[in-house]
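> One structure coming up, written as structure tokens, with questions to follow.
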Amino acid sequence: MSNGTTSQQLIAGDQTFGSVTEAISRVTEQKTPRLWYVAFSISFALTLLLIGSIGYLFYKGVGIWGLQIPVGWGWAIVNFVFWVGIGHAGTLISAILFLFRQQWRTSINRFAEAMTIFAVICALMFPAIHVGRVWVVYWIFPIPNQMDIWPNFRSPLVWDAFAVGTYFTVSLLFWYVGLIPDLATLRDRAKSRIRKIVYGIFALGWRGGQRQWKHYELSYLLLAGLATPLVLSVHSVVSFDFAVGVIPGWHTTIFPPYFVAGAIFSGFAMVMTLAVITRKAYGLEDFITIKHLERMNIIMLVTGLMVGYAYAVELFTAWYSGNLYEEFALVNRALGPYAWAYWVMVTCNVLVPQLFWVKKLRRSVPVMFVASILINVGMWFERFVIVVSSLAQDFLPSSWDYFVPTFWDFAILAGSFGLFFTLFLLFIRWLPMISIGEVKGVLPQADPHH
Amino acid sequence: MQKEQSAEHMEKVSQGEVRGILAEFSNPGELLHAAEEIRDAGYRDFDCHSPFPIHGMEQAMGQKRSPLGFIVGIMGLLGGGGALLLQWWTSAVDYRLVVAGKPFFDLPAFIPVTFELTILLAAFGAVFGMFALTRMPRFFHPVFFSDRFERVTDDGFFVSIESSDQKFDAESTGEFLESLGSDHVELLVDTRQQVQQSNQSEE
């Protein structure tokens with residue numbers, strides 16, 4: 001398939017450069033739809049719940065959660081891994097598919113990148129608030145302190161802070177660089193002075209000259225090249241938090257690739273959930289076509305199979321190792337007190353994506369919408385199973401216990417969704433959710449030899 | 001209409017108010033062709049503006065390659081080297097602490113942070129290096145004197161030639177651009193100076 005034929009099929013309808021600008025910019029300029037206010041109210045209420053819960057957490061301490069000994073890592077870490085994973089699809093779409101010249105990414109990369117940033121904000125919050133003494137959380141960074149002591153660079157938790165911090169910063173820069181030409185579009189279309197000034201400042205005086213494009217394009221390419229190994233490293237490092245530990249069920253070498261595949265899997269499911277809603281709500285079906293959605297479903301099918309394979313290999317390795325504790329940990333996951341969570345995970349992550357083998361089902365919007373939500377439920381439970389079931393029953397039966405979450409666990413999880421959707425709604429209200437410049441670039445008439 | 005304006009425009013050139021000339025083309029192909037002709041005619045201070053990057057424009061304008069790759073490479077090396085230095089100095093020199101019997105300078109354990117900081121600084125190089133090379137932020141530029149130029153971020157394709165170019169001449173450059181098939185040629189006139197001068201004459 002040559003580039004020419006793919007680009008002709010990418011965007012539906014008889015689009016001109018002008019109609020692309022109009023259709024995408026209009027969303028930020030028109031009167032805010034009522035549905036947006038409804039969604040924003042709910043999300044913002046949940047964000048307030050989050051702020052209140054964190055306030056109470058800081059006042060009272062981590063004892064308000066269901067944490068106990070032996071389960072000293074509860075939902076905070078489950079949620080952290082869950083949200084970091086969600087972010088990965090955005091970087092995969094924006095960087096890896098860019099390097100592979102998959103031009104269909106142009107319709108979805110902007111809001112997938114935005115999703116990455118908001119998901120990583122939610123993720124970063126959890127390690128920050130889960131430390132018992134939040135006022136010394138800066139000890140994770142090599143900042144001189146009164147004890148003259150430095151972070152332990154041989155600890156995966158320190159690697160994690162550097163990996164996720166770098167990931168957030170680079171994602172934000174990548175997203176902003178991609179936004180500059182589109183911010184200039186909004187600046188040039190602005191009717192009110194305040195819009196002109198605000199978008200004008202963030203557009204940095206962009207004038208679309210080749211002398212800018214030349215450096216800009218290379219900058220974008222280099223950022224994509226840097227973000228690609230970065231995204232693979234981030235969830236690998238997150239998995240080191242477990243794999244470097246000695247707990248049975250954690251101490252396995254399959255964790256880094258297994259975590260990365262799972263992250264991309266869940267991230268694509270989240271992109272799908274958001275894409276299905278926003279394309280419908282804002283009438284952008286010409287830009288995010290059924291073909292785009294189908295390709296995302298195929299990626300979910302592939303990464304879902306990888307995740308299923310990892311579950312199988314975990315069981316096999318546990319049996320083949322002949323290690324009593326390792327064997328017990330895995331059998332206990334599937335048949336022990338947390339079996340219900342394990343089978344929710346297997347159903348949602350392994351069985352549900354199998355629907356996408358059928359062309360009719362992977363092109364059906366209601367099917368993919370429900371499947372994408374189920375996949376994210378499953379991926380949350382995957383992290384729950386890994387974190388909680390491994391800790392609750394470790395080496396010594398006398399220390400075993402059953403983890404029960406409290407109201408505050410639920411409040412903070414729900415609140416993190418509130419924060420995520422609040423940020424996302426603000427984004428689609430004020431910024432172009434599809435890359436205007438890049439979509440024009442894949443129209444057939446953009447080719448100078450057309 | 002163009003001819004009528006030109007006498008007035010010549011006057012402005014003599015007053016030093018003309019900052020350049022802007023010509024609009026109707027599609028990417030024409031812009032690319034115009035860029036080649038302008039390059040061959042010997043102009044240097046010109047630019048081709050478009051809503052998206054046009055394939056082959058770099059060669060058409062006769063530009064050198066962007067040096068951004070070197071900046072990113074150097075920043076990456078600084079990030080990686082700095083990270084190793086930081087970890088070595090804090091763990092093996094300044095405050096040696098035995099943790100789990102691991103060596104003070106533990107290279108395998110230092111790889112993740114070294115890798116992340118390499119990427120972080122290289123990314124700073126890619127973004128801020130690009131800002132430096134494109135002179136951004138730059139909120140003032142002669143092309144913004146044209147109202148029509150707003151379409152460059154929508155569906156307009158423009159060539160601008162700045163008056164600083166040695167070959168620049170308001171009249172002949174304008175005719176040259178028209179001969180390349182431009183639909184619309186206009187002078188970029190510094191309107192701020194006019195306002196200032198009229199204010200001064202009132203005083």
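By convention in this document, the chains of the structure tokens carry letters A, B, ... by their order, each chain's residues are numbered from 1, and ligands are numbered from 1 in the order they are shown.
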Please identify all residues of chain B having at least one atom at most 8 Å from any atom of chain A, considering only C-alpha atoms, and return them as a ChimeraX atom specification.

/B:27-30,32,47-55,57-58,66,68-69,87,90-91,95,106,109-110,112-113,116-117,119-120,122-123,126-127,130,133-134,136-140,150-155

> Any idea what's packed within 9 Å of stretch 161-173 of chain B, counting only C-alpha atoms, ignoring anything in its chain fewer than 2 positions away? Could you give it as a PyMOL selection string?

chain B and resi 6+9-10+13+18-23+42-48+142-143+159+175-178+187-188

> Can you tell me, as a compact mmCIF listing (two decimals) with N, CA and C atoms, in the first residue's frame, what residues are no more than 9 Å from A:Asp394 when counting only C-alpha atoms, ignoring any on the same chain fewer than 6 positions away?


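And here's result_16.txt as it stands now:
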# COMPACT_ATOMS: atom_id res chain seq x y z
N PRO A 70 -0.08 -7.79 56.14
CA PRO A 70 0.99 -7.62 55.17
C PRO A 70 0.69 -6.76 53.94
N ILE A 247 9.02 -10.77 46.63
CA ILE A 247 7.71 -11.38 46.88
C ILE A 247 7.36 -12.37 45.77
N PRO A 248 6.90 -13.58 46.11
CA PRO A 248 6.47 -14.52 45.08
C PRO A 248 5.31 -13.91 44.28
N TYR A 325 6.90 -21.52 46.83
CA TYR A 325 6.23 -20.24 47.07
C TYR A 325 5.67 -19.65 45.78
N ALA A 329 1.80 -18.97 45.01
CA ALA A 329 1.33 -17.61 44.72
C ALA A 329 0.42 -17.60 43.50
N TRP A 400 -0.81 -13.97 57.11
CA TRP A 400 -1.77 -13.76 56.03
C TRP A 400 -2.97 -12.94 56.50

> Find the residue from B:Gly174, B:Gln63, B:Ser26, B:Val93 that sits nearest to B:Arg39; use only C-alpha atoms when measuring.

B:Gln63

> Quick one: DSSP helix (DSSP H, G or I) residues in stretch 227-270 of chain A, as an MDAnalysis selection string?

chainID A and resid 227:243 255:270

> With only C-alpha atoms as the counted atoms, please give the residues lying no more than 12 Å from A:Leu361, apart from itself and same-chain residues fewer than 5 positions off, as JSON, numbers by chain.

{"A": [290, 293, 294, 297, 298, 352, 353, 354, 355, 356, 366, 367, 368, 369, 370, 371]}

> I want to know what sits within 10 Å of A:Leu305, based on only C-alpha atoms, with residues of the same chain fewer than 6 positions away left out; could you give that as a PyMOL selection string?

chain A and resi 261-262+265+299+311+349-351+353-354

> I need the residues from that last selection saved to file as a PDB file, in the first residue's frame (with N, CA, C and O atoms), if you can.


ATOM      1  N   ALA A 261       3.031  -4.260  27.399  1.00  0.00           N
ATOM      2  CA  ALA A 261       1.911  -4.700  26.553  1.00  0.00           C
ATOM      3  C   ALA A 261       0.579  -4.361  27.219  1.00  0.00           C
ATOM      4  O   ALA A 261      -0.338  -3.846  26.564  1.00  0.00           O
ATOM      5  N   GLY A 262       0.483  -4.607  28.513  1.00  0.00           N
ATOM      6  CA  GLY A 262      -0.749  -4.306  29.235  1.00  0.00           C
ATOM      7  C   GLY A 262      -1.056  -2.820  29.231  1.00  0.00           C
ATOM      8  O   GLY A 262      -2.213  -2.403  29.114  1.00  0.00           O
ATOM      9  N   PHE A 265      -2.376  -1.848  25.858  1.00  0.00           N
ATOM     10  CA  PHE A 265      -3.712  -2.445  25.775  1.00  0.00           C
ATOM     11  C   PHE A 265      -4.748  -1.561  26.480  1.00  0.00           C
ATOM     12  O   PHE A 265      -5.748  -1.144  25.889  1.00  0.00           O
ATOM     13  N   ILE A 299      -5.176  -3.269  17.275  1.00  0.00           N
ATOM     14  CA  ILE A 299      -4.053  -3.143  18.218  1.00  0.00           C
ATOM     15  C   ILE A 299      -4.461  -3.704  19.584  1.00  0.00           C
ATOM     16  O   ILE A 299      -3.675  -4.376  20.246  1.00  0.00           O
ATOM     17  N   TYR A 311      -0.150 -14.059  31.019  1.00  0.00           N
ATOM     18  CA  TYR A 311      -0.814 -14.745  32.130  1.00  0.00           C
ATOM     19  C   TYR A 311      -0.472 -16.235  32.097  1.00  0.00           C
ATOM     20  O   TYR A 311      -0.207 -16.865  33.127  1.00  0.00           O
ATOM     21  N   ASN A 349      -9.798  -9.152  30.028  1.00  0.00           N
ATOM     22  CA  ASN A 349      -8.582  -8.882  29.265  1.00  0.00           C
ATOM     23  C   ASN A 349      -8.277  -9.931  28.212  1.00  0.00           C
ATOM     24  O   ASN A 349      -7.630  -9.636  27.212  1.00  0.00           O
ATOM     25  N   VAL A 350      -8.720 -11.163  28.449  1.00  0.00           N
ATOM     26  CA  VAL A 350      -8.389 -12.214  27.486  1.00  0.00           C
ATOM     27  C   VAL A 350      -9.594 -12.558  26.625  1.00  0.00           C
ATOM     28  O   VAL A 350      -9.482 -12.645  25.404  1.00  0.00           O
ATOM     29  N   LEU A 351     -10.755 -12.707  27.241  1.00  0.00           N
ATOM     30  CA  LEU A 351     -11.923 -13.138  26.460  1.00  0.00           C
ATOM     31  C   LEU A 351     -12.534 -11.985  25.668  1.00  0.00           C
ATOM     32  O   LEU A 351     -12.805 -12.125  24.484  1.00  0.00           O
ATOM     33  N   PRO A 353     -11.426  -9.118  24.293  1.00  0.00           N
ATOM     34  CA  PRO A 353     -10.827  -8.696  23.020  1.00  0.00           C
ATOM     35  C   PRO A 353     -10.953  -9.723  21.896  1.00  0.00           C
ATOM     36  O   PRO A 353     -10.815  -9.352  20.734  1.00  0.00           O
ATOM     37  N   GLN A 354     -11.259 -10.985  22.220  1.00  0.00           N
ATOM     38  CA  GLN A 354     -11.412 -11.987  21.153  1.00  0.00           C
ATOM     39  C   GLN A 354     -12.580 -11.642  20.218  1.00  0.00           C
ATOM     40  O   GLN A 354     -12.625 -12.108  19.083  1.00  0.00           O
TER      41      GLN A 354
END

> Just the residues within 8 Å of A:Ala341, please, counting only C-alpha atoms, with nothing from its chain fewer than 6 positions along; format it as a list in words.

Phe381, Glu382, Phe384 and Val385 of chain A

> Please identify all polymer residues within 10 Å of A:Trp430, counting only C-alpha atoms, omitting same-chain residues fewer than 2 positions from it, and present them as a ChimeraX atom specification.

/A:25,27-29,186,199,425-428,432-433

> For the selection you just gave me, I'd like the residues written to a file as a PDB file, in the first residue's frame, keeping C-alpha atoms.


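The resulting file, out_29.pdb, is reproduced below:
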ATOM      1  CA  SER A  25     -11.580  24.895  15.303  1.00  0.00           C
ATOM      2  CA  VAL A  27     -15.492  23.070  18.576  1.00  0.00           C
ATOM      3  CA  THR A  28     -13.449  25.551  20.607  1.00  0.00           C
ATOM      4  CA  GLU A  29     -15.326  28.598  19.311  1.00  0.00           C
ATOM      5  CA  LEU A 186      -6.903  29.619  16.678  1.00  0.00           C
ATOM      6  CA  TYR A 199      -3.668  31.945  21.883  1.00  0.00           C
ATOM      7  CA  LEU A 425     -13.213  18.285  29.211  1.00  0.00           C
ATOM      8  CA  LEU A 426     -11.293  21.534  29.640  1.00  0.00           C
ATOM      9  CA  PHE A 427      -8.968  20.370  26.878  1.00  0.00           C
ATOM     10  CA  ILE A 428     -11.711  19.628  24.337  1.00  0.00           C
ATOM     11  CA  PRO A 432      -8.197  21.662  19.017  1.00  0.00           C
ATOM     12  CA  MET A 433      -8.745  17.986  19.835  1.00  0.00           C
TER      13      MET A 433
END

> Which residue, B:Glu17, B:Pro103, B:Leu31, B:Trp88, has the smallest gap to B:Ser182 when you use only C-alpha atoms?

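Ranking B:Glu17, B:Pro103, B:Leu31, B:Trp88 by distance to B:Ser182, first place goes to B:Leu31.
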
> One number please: atom CA of A:Tyr282 to atom CA of A:Ile11, in Å, one decimal.

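Distance reported for this atom pair: 16.0 Å.
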